[in-house]
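Peer 1: Below is the structure I would like to discuss, written out as structure tokens.
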Amino acid sequence: MLRFRNIVSMAILMAISLPLSVQSQSELNLDRIFTKYEFSPEWLGPIRWFDEGESYIRLEKSASHPSARDLVKYNTVSGDKVVLIPASSLIPEGKQEPLSIENYYWSPDKSKLLIFTNSQRVWRYNTRGDYWVYDTQKKTLKQLGGSDAKPSTLMFAKFSPDGQKVAYVREHNIYVEPLASDEIVQLTSDGSERIINGTFDWAYEEEFDCRDGFKWSPDSKSIAYWRIDATSIRNFYMINNTDSAYSQIIPVQYPKAGETPSECKVGVVNAAGGPTTWMHMSGDPRQNYIPRMIWTPDSKSVLMQHLNRAQNHNRVTRGDVKMGNVKVIFEDKETAWLDVVNDFQYLNKGQNFTWVSEKSGWKAAYTVSADGKSEQRITPEGQDMIEIKLIDEKGGWLYYMASPDNATQRYLYRAKLSGKSKQQKISPDAQAGTHEYDITPNGKYAVHTFSKAGVPPVTNLISLPDHKVIRNLISNEKLKAKIDALDKQPMEFFTIDVEEGVSLDAYMIKPVDFDPAKKYPVLFYVYGEPWNQTVLDSWGGSTYLWHLMLTQQGYIVMSVDNRGTPGPKGRDFRKCVYGQIGVLSSADQAAAVKKIINNYSFVDPDRIGIWGWSGGGAMTLNAMFRYPDIYKVGMSVAPVTNQLLYDNIYQERYSGIPSVNPEGYEKGSPINFAKNLKGDLLLVHGTGDDNVHYQHTEMLINELVKYNKLFSLMSYPNRSHGIYEGENTSRHLRETLTHYLTTHLPAGPK
């Protein structure tokens with residue numbers, strides 16, 4: 001026994017005498033995470049598959065022009081590379097430096113390259129800029145838009161399928177430019193700042209991910225486009241008080257929940273010019289959405305998803321491009337909400353099209369006949385298909401992500417498009433965690449990235465379906481070594497039964513020197529809305545590292561995915577929150593905390609904190625206001641405080657239309673329960689947030705003042721929803737959160 005004590009004493013002395021640099025490698029701090037960015041993973045950068053996947057293209061620093069990049073072609077299997085287009089070939093006449101490539105697109109025959117450069121930000125995306133076409137055979141470079149084009153004015157340029165023309169949007173109108181001449185054809189003329197062709201209002205862009213606005217016909221003779229009349233959408237005014245002596249008003253065309261949506265129409269115009277043929281869609285165009293459309297292979301019709309305003313009835317409608325006559329050929333209905341089908345394409349030369357639906361109670365992929373009269377399920381019953389990765393028509397396979405046994409993980413599967421085979425798991429069983437894939441068009445290869453909780457991502461080039469590694473692309477070995485050197489506990493996943501038949505996924509990270517006989521404060525990280533999960537077995541980036549830092553200070557960090565989060569646990573789990581966003585979800589969170597307190601004696605019930613961002617900020621407020629006896633400290637970042645203030649497409653999808661479900665909006669909005677606040681609350685918001693407006697926080701402040709509730713506030717001038725613009729902003733934000741937490745929720749065991 002004496003000998004054992006001596007060994008322990010020696011070990012303690014050795015630890016005390018370790019050099020500071022060694023000790024610091026095991027400790028996390030804000031400087032390492034958010035200033036020096038010591039833990040940033042290596043980044044592969046974008047690759048573009050070439051030759052159906054037998055090779056790929058990367059942009060790499062040019063030897064001859066260090067500030068520019070060459071397009072380098074790699075053989076997928078051998079790794080042999082060749083400079084396909086050197087930066088020196090991309091120098092405009094009269095200039096000294098090559099074009100700075102921000103994005104690029106190949107013509108179908110790969111003989112021409114469309115280059116996007118000199119971009120400007122439009123709202124939150126760099127969608128406006130200059131486009132150039134490089135002819136790989138003639139070695140010529142041509143700027144689109146004509147000699148009178150103003151810099152950075154073109155948007156969404158696209159090659160025609162025959163590669164002979166390019167269409168683009170300029171000043172909200174659509175133009176076609178033949179590459180063999182300098183002629184430019186203007187196809188539409190009613191574009192203005194408030195009537196938009198080829199782009200969308202804020203809600204269409206943000207919530208339906210619709211930005212480019214038009215589609216070429218397969219025969220290159222016509223263009224189908226969306227026309228959004230946003231004249232009725234009111235401006236929301238933000239104010240910039242810091243960039244000049246006098247304030248500047250920033251108008252954002254933003255449709256709030258309950259406001260009538262923009263009018264939406266689809267038209268088809270000849271690429272050579274002429275009148276538009278409008279599709280005669282049924283119903284009020286201001287009470288319906290058309291979020292997706294595709295051409296039929298014969299170029300005679302367009303197939304459109306026609307979604308009602310409540311977003312629970314999707315009618316697949318085929319429109320004749322000559323006369324504009326339409327016919328509903330397929331319908332999908334829900335009592336809650338429907339998601340737009342992104343994987344919407346024709347197969348078998350137009351004999352059927354792909355579809356995704358939850359009508360069976362599980363998210364599944366289907367093929368539907370062209371007339372809509374028959375359908376075939378592709379993915380298995382009784383489980384969710386999470387995301388389609390490749391529709392390999394030639395090989396007859398559908399590649400998709402799923403995780404039937406663990407909603408916190410992601411794996412690649414495949415099934416025959418015919419629906420007449422059992423699914424095959426492609427991801428290795430030995431790699432439990434989260435897999436991501438970028439699969440070649442021919443289905444033979446993929447860029448595969450794997451990570452798990454606390455383990456940085458590793459990226460390999462693999463063959464399919466055997467999943468054999470061809471070569472490593474990113475190992476992140478240095479980062480892994482840094483992570484391994486940290487004092488830390490593993491992320492432990494567990495489940496909580498909050499009521500009969502309802503099991504919620506959760507994780508916890510315990511303090512380094514954890515003693516189960518003592519009690520610790522717990523900080524819950526929350527999101528809780530239908531847009532995202534927090535309980536995922538994957539590398540968590542800077543948020544994970546910040547949480548790890550807090551555990552080194554003596555906190556337990558936990559997270560719970562309530563009902564309504566988009567885990568692969570069936571339609572009922574995801575959609576039971578419809579019409580009561582913020583109500584059932586916060587009840588689940590509170591029930592989970594009560595169970596955790598009861599099940600784990602080391603949890604201090606008097607030191608429970610919660611924090612979240614955006615939807616998680618709203619959930620934090622709902623927790624603090626609805627369950628004030630449970631949560632002692634809350635930190636709410638960029639929260640939705642009143643659902644009526646958020647955009648109509650998102651909020652009405654999950655909460656219903658306000659005039660139909662006023663009670664749901666009232667009960668789901670945390671602002672209406674502010675009078676119940678008991679604990680310590682920190683509000684954080686950027687005044688330049690064009691997504692969740694600073695108005696949300698200001699209105700909540702009024703309510704808190706009204707009821708004499710004390711709170712803390714940190715406003716970041718002109719910062720957007722991500723609160724990252726400006727020098728040192730990310731670091732300062734985390735400093736603020738950390739200081740508030742340690743001040744109001746003391747760390748360490750008791």
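Labels used: A, B, ... for chains in the order of the structure tokens, numbers from 1 for residues in each chain, and numbers from 1 for ligands as shown.
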Can you list, as a CSV table (one decimal) with N, CA, C and O atoms, in the first residue's frame, every protein, DNA or RNA residue that comes within 10 Å of region 654-658 of chain A when you count only C-alpha atoms, leaving out same-chain residues fewer than 2 positions away?
Peer 2:
```
chain,number,residue,atom,x,y,z
A,257,ALA,N,-45.2,35.9,-42.1
A,257,ALA,CA,-46.3,34.9,-41.9
A,257,ALA,C,-47.6,35.6,-41.9
A,257,ALA,O,-47.8,36.6,-41.2
A,258,GLY,N,-48.6,35.1,-42.7
A,258,GLY,CA,-49.9,35.7,-42.8
A,258,GLY,C,-50.0,36.6,-43.9
A,258,GLY,O,-51.2,36.9,-44.4
A,259,GLU,N,-48.9,37.2,-44.4
A,259,GLU,CA,-49.0,38.0,-45.6
A,259,GLU,C,-49.2,37.2,-46.9
A,259,GLU,O,-48.6,36.1,-47.0
A,309,ARG,N,-50.8,26.9,-50.7
A,309,ARG,CA,-50.2,27.7,-49.7
A,309,ARG,C,-49.9,27.0,-48.4
A,309,ARG,O,-48.9,27.3,-47.8
A,310,ALA,N,-50.9,26.2,-48.0
A,310,ALA,CA,-50.7,25.4,-46.8
A,310,ALA,C,-49.6,24.4,-46.8
A,310,ALA,O,-49.2,23.8,-45.8
A,311,GLN,N,-49.1,24.1,-48.0
A,311,GLN,CA,-48.0,23.2,-48.3
A,311,GLN,C,-48.3,21.8,-47.8
A,311,GLN,O,-47.4,21.1,-47.3
A,312,ASN,N,-49.5,21.3,-48.0
A,312,ASN,CA,-49.9,20.0,-47.7
A,312,ASN,C,-50.6,19.2,-48.8
A,312,ASN,O,-51.1,18.1,-48.7
A,336,ALA,N,-50.3,17.2,-42.4
A,336,ALA,CA,-49.3,18.2,-41.8
A,336,ALA,C,-48.7,19.0,-42.9
A,336,ALA,O,-49.4,19.8,-43.5
A,337,TRP,N,-47.4,18.7,-43.3
A,337,TRP,CA,-46.8,19.5,-44.4
A,337,TRP,C,-46.1,18.5,-45.3
A,337,TRP,O,-45.8,17.4,-44.9
A,338,LEU,N,-45.9,18.9,-46.5
A,338,LEU,CA,-45.1,18.2,-47.5
A,338,LEU,C,-43.8,18.9,-47.8
A,338,LEU,O,-43.8,20.2,-47.9
A,529,GLU,N,-36.2,22.3,-34.0
A,529,GLU,CA,-37.2,22.6,-35.0
A,529,GLU,C,-37.1,21.6,-36.1
A,529,GLU,O,-36.1,20.8,-36.2
A,530,PRO,N,-38.0,21.6,-37.1
A,530,PRO,CA,-38.0,20.6,-38.2
A,530,PRO,C,-36.8,20.7,-39.1
A,530,PRO,O,-36.7,19.8,-40.0
A,564,GLY,N,-40.3,16.2,-33.7
A,564,GLY,CA,-40.3,17.3,-34.6
A,564,GLY,C,-39.0,17.6,-35.3
A,564,GLY,O,-39.0,18.3,-36.3
A,575,LYS,N,-43.6,14.8,-37.7
A,575,LYS,CA,-44.7,15.8,-38.0
A,575,LYS,C,-45.8,15.9,-36.9
A,575,LYS,O,-46.8,16.7,-37.1
A,577,VAL,N,-45.6,17.6,-34.5
A,577,VAL,CA,-45.5,19.0,-34.0
A,577,VAL,C,-46.3,20.0,-34.8
A,577,VAL,O,-46.3,21.2,-34.5
A,578,TYR,N,-46.9,19.5,-35.9
A,578,TYR,CA,-47.5,20.5,-36.8
A,578,TYR,C,-48.6,21.3,-36.1
A,578,TYR,O,-49.4,20.8,-35.4
A,579,GLY,N,-48.5,22.6,-36.4
A,579,GLY,CA,-49.5,23.5,-35.8
A,579,GLY,C,-49.2,23.9,-34.3
A,579,GLY,O,-49.9,24.7,-33.7
A,580,GLN,N,-48.2,23.3,-33.8
A,580,GLN,CA,-47.8,23.6,-32.4
A,580,GLN,C,-46.3,23.7,-32.2
A,580,GLN,O,-45.7,23.1,-31.3
A,581,ILE,N,-45.6,24.3,-33.2
A,581,ILE,CA,-44.2,24.5,-33.1
A,581,ILE,C,-43.8,25.3,-31.9
A,581,ILE,O,-44.4,26.3,-31.6
A,582,GLY,N,-42.9,24.7,-31.1
A,582,GLY,CA,-42.5,25.3,-29.9
A,582,GLY,C,-43.2,24.8,-28.6
A,582,GLY,O,-42.7,25.0,-27.5
A,643,GLN,N,-43.7,34.0,-34.0
A,643,GLN,CA,-43.7,33.3,-35.2
A,643,GLN,C,-44.4,34.1,-36.3
A,643,GLN,O,-44.2,33.9,-37.5
A,644,LEU,N,-45.2,35.1,-36.0
A,644,LEU,CA,-45.8,36.0,-37.0
A,644,LEU,C,-44.8,36.9,-37.6
A,644,LEU,O,-45.1,37.5,-38.7
A,648,ASN,N,-43.3,33.8,-44.4
A,648,ASN,CA,-44.5,33.0,-44.6
A,648,ASN,C,-44.3,31.6,-45.1
A,648,ASN,O,-44.9,30.6,-44.6
A,649,ILE,N,-43.3,31.3,-46.0
A,649,ILE,CA,-43.2,30.0,-46.5
A,649,ILE,C,-42.7,29.0,-45.4
A,649,ILE,O,-43.3,27.9,-45.3
A,650,TYR,N,-41.7,29.4,-44.6
A,650,TYR,CA,-41.2,28.5,-43.6
A,650,TYR,C,-42.2,28.4,-42.5
A,650,TYR,O,-42.6,27.2,-42.1
A,651,GLN,N,-42.7,29.5,-41.9
A,651,GLN,CA,-43.5,29.4,-40.7
A,651,GLN,C,-44.9,28.8,-41.0
A,651,GLN,O,-45.4,28.0,-40.3
A,652,GLU,N,-45.5,29.1,-42.2
A,652,GLU,CA,-46.8,28.5,-42.5
A,652,GLU,C,-46.7,27.1,-42.9
A,652,GLU,O,-47.7,26.3,-42.7
A,660,VAL,N,-55.9,30.6,-40.1
A,660,VAL,CA,-56.5,29.3,-39.8
A,660,VAL,C,-56.1,28.7,-38.4
A,660,VAL,O,-56.9,28.1,-37.8
A,661,ASN,N,-54.9,29.0,-38.0
A,661,ASN,CA,-54.4,28.5,-36.8
A,661,ASN,C,-53.8,29.6,-35.9
A,661,ASN,O,-52.6,29.5,-35.5
A,662,PRO,N,-54.6,30.6,-35.5
A,662,PRO,CA,-54.1,31.7,-34.7
A,662,PRO,C,-53.6,31.2,-33.3
A,662,PRO,O,-52.7,31.7,-32.8
A,663,GLU,N,-54.3,30.2,-32.8
A,663,GLU,CA,-54.0,29.6,-31.5
A,663,GLU,C,-52.6,29.0,-31.5
A,663,GLU,O,-51.8,29.2,-30.5
A,664,GLY,N,-52.2,28.3,-32.6
A,664,GLY,CA,-50.9,27.7,-32.7
A,664,GLY,C,-49.8,28.7,-32.7
A,664,GLY,O,-48.7,28.5,-32.1
A,665,TYR,N,-50.0,29.9,-33.4
A,665,TYR,CA,-49.0,30.9,-33.4
A,665,TYR,C,-48.9,31.6,-32.0
A,665,TYR,O,-47.8,31.9,-31.6
A,666,GLU,N,-50.0,31.8,-31.3
A,666,GLU,CA,-50.0,32.4,-30.0
A,666,GLU,C,-49.3,31.5,-29.0
A,666,GLU,O,-48.4,32.0,-28.3
A,668,GLY,N,-47.2,29.0,-29.6
A,668,GLY,CA,-45.9,28.6,-30.0
A,668,GLY,C,-44.8,29.7,-29.9
A,668,GLY,O,-43.6,29.4,-30.0
```
Peer 1: Within 10 Å of Gly722 (chain A), counting only C-alpha atoms, which residues show up once you throw out same-chain ones fewer than 6 positions away? Write them as a ChimeraX atom specification, please.
Peer 2: /A:613-614,637-638,685-686,689,691,730
Peer 1: Run DSSP on the backbone and tell me which residues of region 348-514 of chain A come out as strand (DSSP E); list them as a tab-separated table (two decimals) with N, CA and C atoms, in the first residue's frame.
Peer 2:
```
chain	number	residue	atom	x	y	z
A	352	ASN	N	-41.43	7.32	-66.97
A	352	ASN	CA	-41.79	7.57	-65.58
A	352	ASN	C	-40.87	8.64	-64.99
A	353	PHE	N	-41.19	9.06	-63.78
A	353	PHE	CA	-40.37	10.06	-63.11
A	353	PHE	C	-40.19	9.65	-61.65
A	354	THR	N	-39.18	10.22	-61.01
A	354	THR	CA	-38.88	9.87	-59.62
A	354	THR	C	-39.66	10.76	-58.66
A	355	TRP	N	-39.94	10.21	-57.49
A	355	TRP	CA	-40.73	10.91	-56.50
A	355	TRP	C	-40.29	10.49	-55.10
A	356	VAL	N	-40.54	11.35	-54.12
A	356	VAL	CA	-40.25	11.05	-52.72
A	356	VAL	C	-41.48	11.43	-51.91
A	357	SER	N	-41.91	10.53	-51.03
A	357	SER	CA	-43.13	10.77	-50.26
A	357	SER	C	-43.05	10.09	-48.90
A	364	ALA	N	-39.87	7.63	-48.41
A	364	ALA	CA	-39.47	6.61	-49.37
A	364	ALA	C	-39.36	7.20	-50.77
A	365	ALA	N	-38.57	6.54	-51.60
A	365	ALA	CA	-38.41	6.92	-53.00
A	365	ALA	C	-39.29	6.04	-53.87
A	366	TYR	N	-39.85	6.64	-54.92
A	366	TYR	CA	-40.75	5.94	-55.83
A	366	TYR	C	-40.39	6.29	-57.27
A	367	THR	N	-40.87	5.46	-58.18
A	367	THR	CA	-41.00	5.87	-59.58
A	367	THR	C	-42.49	5.91	-59.89
A	368	VAL	N	-42.89	6.93	-60.63
A	368	VAL	CA	-44.29	7.13	-61.00
A	368	VAL	C	-44.39	7.14	-62.51
A	369	SER	N	-45.37	6.47	-63.06
A	369	SER	CA	-45.54	6.45	-64.52
A	369	SER	C	-45.84	7.84	-65.03
A	375	GLU	N	-47.40	3.55	-59.65
A	375	GLU	CA	-46.16	3.91	-58.98
A	375	GLU	C	-45.49	2.66	-58.42
A	376	GLN	N	-44.20	2.73	-58.23
A	376	GLN	CA	-43.42	1.62	-57.70
A	376	GLN	C	-42.51	2.14	-56.60
A	377	ARG	N	-42.63	1.55	-55.45
A	377	ARG	CA	-41.74	1.93	-54.34
A	377	ARG	C	-40.36	1.33	-54.58
A	387	GLU	N	-31.87	10.74	-47.83
A	387	GLU	CA	-31.46	11.62	-48.92
A	387	GLU	C	-30.99	10.79	-50.10
A	388	ILE	N	-31.41	11.16	-51.30
A	388	ILE	CA	-30.93	10.48	-52.51
A	388	ILE	C	-29.58	11.06	-52.90
A	389	LYS	N	-28.61	10.19	-53.18
A	389	LYS	CA	-27.27	10.62	-53.57
A	389	LYS	C	-27.03	10.46	-55.06
A	390	LEU	N	-27.64	9.46	-55.70
A	390	LEU	CA	-27.45	9.27	-57.14
A	390	LEU	C	-28.58	8.42	-57.69
A	391	ILE	N	-29.13	8.88	-58.81
A	391	ILE	CA	-30.07	8.06	-59.58
A	391	ILE	C	-29.28	7.56	-60.78
A	392	ASP	N	-28.83	6.32	-60.70
A	392	ASP	CA	-27.99	5.71	-61.74
A	392	ASP	C	-28.90	4.94	-62.70
A	397	TRP	N	-29.65	1.59	-60.52
A	397	TRP	CA	-29.59	1.67	-59.07
A	397	TRP	C	-29.97	3.05	-58.55
A	398	LEU	N	-30.55	3.05	-57.35
A	398	LEU	CA	-30.75	4.27	-56.58
A	398	LEU	C	-29.82	4.20	-55.37
A	399	TYR	N	-28.92	5.18	-55.25
A	399	TYR	CA	-28.04	5.29	-54.09
A	399	TYR	C	-28.63	6.33	-53.14
A	400	TYR	N	-28.72	5.98	-51.87
A	400	TYR	CA	-29.37	6.89	-50.92
A	400	TYR	C	-28.80	6.70	-49.52
A	401	MET	N	-29.01	7.70	-48.68
A	401	MET	CA	-28.58	7.66	-47.29
A	401	MET	C	-29.73	7.17	-46.42
A	402	ALA	N	-29.38	6.36	-45.44
A	402	ALA	CA	-30.37	5.85	-44.49
A	402	ALA	C	-29.63	5.42	-43.23
A	411	TYR	N	-25.60	6.31	-43.30
A	411	TYR	CA	-24.92	5.30	-44.10
A	411	TYR	C	-25.45	5.32	-45.53
A	412	LEU	N	-24.63	4.81	-46.45
A	412	LEU	CA	-25.03	4.73	-47.85
A	412	LEU	C	-25.61	3.35	-48.15
A	413	TYR	N	-26.76	3.35	-48.81
A	413	TYR	CA	-27.41	2.13	-49.27
A	413	TYR	C	-27.69	2.27	-50.77
A	414	ARG	N	-28.06	1.15	-51.37
A	414	ARG	CA	-28.56	1.21	-52.74
A	414	ARG	C	-29.65	0.16	-52.92
A	415	ALA	N	-30.54	0.44	-53.88
A	415	ALA	CA	-31.63	-0.49	-54.22
A	415	ALA	C	-31.90	-0.34	-55.72
A	416	LYS	N	-32.41	-1.38	-56.31
A	416	LYS	CA	-32.73	-1.35	-57.73
A	416	LYS	C	-33.86	-0.36	-58.00
A	424	GLN	N	-29.11	-2.79	-50.32
A	424	GLN	CA	-27.75	-3.21	-49.99
A	424	GLN	C	-27.07	-2.09	-49.24
A	425	LYS	N	-26.49	-2.42	-48.10
A	425	LYS	CA	-25.72	-1.43	-47.36
A	425	LYS	C	-24.32	-1.35	-47.97
A	434	THR	N	-20.96	8.82	-39.18
A	434	THR	CA	-21.62	9.57	-40.25
A	434	THR	C	-20.78	9.52	-41.52
A	435	HIS	N	-21.41	9.11	-42.60
A	435	HIS	CA	-20.77	9.01	-43.91
A	435	HIS	C	-21.38	10.03	-44.86
A	436	GLU	N	-20.54	10.61	-45.70
A	436	GLU	CA	-21.00	11.53	-46.74
A	436	GLU	C	-20.36	11.09	-48.06
A	437	TYR	N	-21.10	11.29	-49.18
A	437	TYR	CA	-20.63	10.81	-50.47
A	437	TYR	C	-20.92	11.82	-51.57
A	438	ASP	N	-19.96	11.95	-52.46
A	438	ASP	CA	-20.15	12.64	-53.73
A	438	ASP	C	-19.87	11.58	-54.80
A	439	ILE	N	-20.92	11.04	-55.39
A	439	ILE	CA	-20.81	9.88	-56.27
A	439	ILE	C	-20.70	10.31	-57.72
A	445	TYR	N	-17.48	5.42	-58.69
A	445	TYR	CA	-16.55	5.97	-57.70
A	445	TYR	C	-17.27	7.02	-56.85
A	446	ALA	N	-16.60	7.40	-55.77
A	446	ALA	CA	-17.16	8.45	-54.92
A	446	ALA	C	-16.06	9.06	-54.07
A	447	VAL	N	-16.25	10.33	-53.74
A	447	VAL	CA	-15.46	10.94	-52.68
A	447	VAL	C	-16.23	10.68	-51.39
A	448	HIS	N	-15.58	9.98	-50.48
A	448	HIS	CA	-16.24	9.51	-49.25
A	448	HIS	C	-15.61	10.19	-48.04
A	449	THR	N	-16.43	10.81	-47.21
A	449	THR	CA	-15.97	11.44	-45.98
A	449	THR	C	-16.64	10.77	-44.79
A	450	PHE	N	-15.82	10.37	-43.84
A	450	PHE	CA	-16.33	9.70	-42.64
A	450	PHE	C	-15.87	10.45	-41.39
A	451	SER	N	-16.78	10.61	-40.45
A	451	SER	CA	-16.43	11.17	-39.16
A	451	SER	C	-17.34	10.57	-38.10
A	452	LYS	N	-16.97	10.78	-36.88
A	452	LYS	CA	-17.82	10.39	-35.76
A	452	LYS	C	-17.63	11.42	-34.66
A	455	VAL	N	-14.24	12.88	-33.57
A	455	VAL	CA	-13.21	12.39	-34.49
A	455	VAL	C	-13.30	13.19	-35.79
A	456	PRO	N	-12.24	13.90	-36.16
A	456	PRO	CA	-12.28	14.73	-37.37
A	456	PRO	C	-12.51	13.90	-38.63
A	457	PRO	N	-13.04	14.53	-39.68
A	457	PRO	CA	-13.36	13.79	-40.91
A	457	PRO	C	-12.13	13.32	-41.66
A	458	VAL	N	-12.26	12.15	-42.27
A	458	VAL	CA	-11.26	11.59	-43.17
A	458	VAL	C	-11.92	11.43	-44.53
A	459	THR	N	-11.26	11.89	-45.59
A	459	THR	CA	-11.85	11.84	-46.92
A	459	THR	C	-11.00	10.97	-47.84
A	460	ASN	N	-11.65	9.99	-48.46
A	460	ASN	CA	-10.99	9.07	-49.38
A	460	ASN	C	-11.71	9.05	-50.71
A	461	LEU	N	-10.97	8.68	-51.74
A	461	LEU	CA	-11.56	8.36	-53.03
A	461	LEU	C	-11.78	6.85	-53.03
A	462	ILE	N	-13.01	6.42	-53.26
A	462	ILE	CA	-13.33	4.99	-53.18
A	462	ILE	C	-13.97	4.51	-54.46
A	463	SER	N	-13.98	3.21	-54.63
A	463	SER	CA	-14.73	2.58	-55.73
A	463	SER	C	-16.05	2.05	-55.16
A	469	VAL	N	-10.86	1.68	-50.86
A	469	VAL	CA	-10.16	2.96	-50.93
A	469	VAL	C	-9.17	2.94	-52.09
A	470	ILE	N	-9.32	3.90	-52.99
A	470	ILE	CA	-8.38	4.07	-54.10
A	470	ILE	C	-7.18	4.88	-53.61
A	471	ARG	N	-7.45	5.97	-52.91
A	471	ARG	CA	-6.39	6.74	-52.26
A	471	ARG	C	-7.00	7.73	-51.28
A	472	ASN	N	-6.18	8.11	-50.33
A	472	ASN	CA	-6.61	9.08	-49.33
A	472	ASN	C	-6.48	10.49	-49.90
A	473	LEU	N	-7.47	11.32	-49.66
A	473	LEU	CA	-7.43	12.71	-50.11
A	473	LEU	C	-7.18	13.67	-48.95
A	474	ILE	N	-7.85	13.43	-47.83
A	474	ILE	CA	-7.65	14.25	-46.63
A	474	ILE	C	-7.61	13.30	-45.43
A	491	MET	N	-18.07	11.56	-26.09
A	491	MET	CA	-19.49	11.89	-26.18
A	491	MET	C	-20.28	10.59	-26.03
A	492	GLU	N	-21.13	10.53	-25.02
A	492	GLU	CA	-21.91	9.33	-24.75
A	492	GLU	C	-23.33	9.51	-25.28
A	493	PHE	N	-23.76	8.60	-26.13
A	493	PHE	CA	-25.11	8.65	-26.67
A	493	PHE	C	-26.03	7.77	-25.84
A	494	PHE	N	-27.24	8.23	-25.62
A	494	PHE	CA	-28.22	7.45	-24.86
A	494	PHE	C	-29.62	7.86	-25.30
A	495	THR	N	-30.62	7.19	-24.82
A	495	THR	CA	-32.01	7.51	-25.14
A	495	THR	C	-32.79	7.79	-23.86
A	496	ILE	N	-33.83	8.59	-24.02
A	496	ILE	CA	-34.69	8.95	-22.90
A	496	ILE	C	-36.13	8.67	-23.29
A	497	ASP	N	-36.82	7.90	-22.48
A	497	ASP	CA	-38.25	7.64	-22.71
A	497	ASP	C	-39.05	8.69	-21.95
A	498	VAL	N	-39.62	9.64	-22.68
A	498	VAL	CA	-40.34	10.73	-22.02
A	498	VAL	C	-41.80	10.40	-21.77
A	499	GLU	N	-42.32	9.47	-22.52
A	499	GLU	CA	-43.66	8.95	-22.29
A	499	GLU	C	-43.77	7.62	-23.01
A	502	VAL	N	-42.46	6.93	-26.70
A	502	VAL	CA	-41.69	8.06	-27.21
A	502	VAL	C	-40.29	8.04	-26.61
A	503	SER	N	-39.31	7.73	-27.46
A	503	SER	CA	-37.92	7.67	-27.03
A	503	SER	C	-37.13	8.73	-27.79
A	504	LEU	N	-36.40	9.54	-27.05
A	504	LEU	CA	-35.63	10.63	-27.64
A	504	LEU	C	-34.14	10.33	-27.58
A	505	ASP	N	-33.43	10.68	-28.65
A	505	ASP	CA	-31.98	10.52	-28.68
A	505	ASP	C	-31.32	11.68	-27.94
A	506	ALA	N	-30.21	11.36	-27.28
A	506	ALA	CA	-29.50	12.38	-26.51
A	506	ALA	C	-28.02	12.03	-26.44
A	507	TYR	N	-27.22	13.03	-26.07
A	507	TYR	CA	-25.82	12.75	-25.76
A	507	TYR	C	-25.40	13.56	-24.55
A	508	MET	N	-24.31	13.14	-23.94
A	508	MET	CA	-23.71	13.92	-22.87
A	508	MET	C	-22.19	13.82	-22.98
A	509	ILE	N	-21.53	14.91	-22.57
A	509	ILE	CA	-20.08	14.92	-22.43
A	509	ILE	C	-19.80	15.32	-20.98
```
Peer 1: Using only C-alpha atoms, can you tell me which of A:Pro380, A:Gly273, A:Pro628, A:Gly53 comes closest to Gly419 (chain A)?
Peer 2: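 Checking each candidate against Gly419 (chain A), we get A:Pro380 as the closest.
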Peer 1: Measure the distance from CA of Gly609 (chain A) to CA of Gly679 (chain A) in Å and round it to one decimal.
Peer 2: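 Those two atoms sit 9.4 Å apart.
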Peer 1: What's the 6 Å shell around region 223-240 of chain A, counting only C-alpha atoms, without same-chain residues fewer than 3 positions away, as a list in words?
Peer 2: Arg194, Ile195, Ile196, Asn197, Gly213, Phe214, Lys215, Trp216, Ser217, Ser247, Gln248, Ile249, Ile250, Pro251, Val252, Gln253, Tyr254, Pro255, Ser262, Glu263, Cys264, Lys265, Val266, Gly267, Val268 and Val269 of chain A
